[in-house]
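Below you'll find the structure, written out as structure tokens, and then a few comments.
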Amino acid sequence: MKEVQVQALETQAAKLRDVDPEKEQQLSCRKVEVEEKFNKLLAPLVDRRKKLDQFKRIQQVWQLFTKIVIP
């Protein structure tokens, strides 16, 4: 969802640059702020996803192991 919003801001920024070129510096600063905030939010989610995938693999192996050893 957030990636879509960032892309929408980029297209809006391009249109605004055409209309008001004086605000280009302000737009680029705002874009950097939004990207940094997005990356700060995304990093913990990526880590959590990796941990969940690892846990899922462990659970799958354990289930397979218990089916083979304990029929």
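Labels used: A, B, ... for chains in the order of the structure tokens, numbers from 1 for residues in each chain, and numbers from 1 for ligands as shown.
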
task: Would you list the contacts of Phe38 of chain A as a list of chain:residue names, taking every protein, DNA or RNA residue within 9 Å and counting only C-alpha atoms, but skipping same-chain residues closer than 3 positions in sequence?
output: A:Lys2, A:Glu3, A:Val6, A:Glu33, A:Val34, A:Glu35, A:Leu41, A:Leu42, A:Ala43

field: Shortest interatomic distance to Lys15 of chain A - which of A:Leu27, A:Leu45, A:Gln60, A:Thr66, counting only C-alpha atoms
entry: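 Of A:Leu27, A:Leu45, A:Gln60, A:Thr66, the one nearest Lys15 of chain A is A:Leu27, counting only C-alpha atoms.
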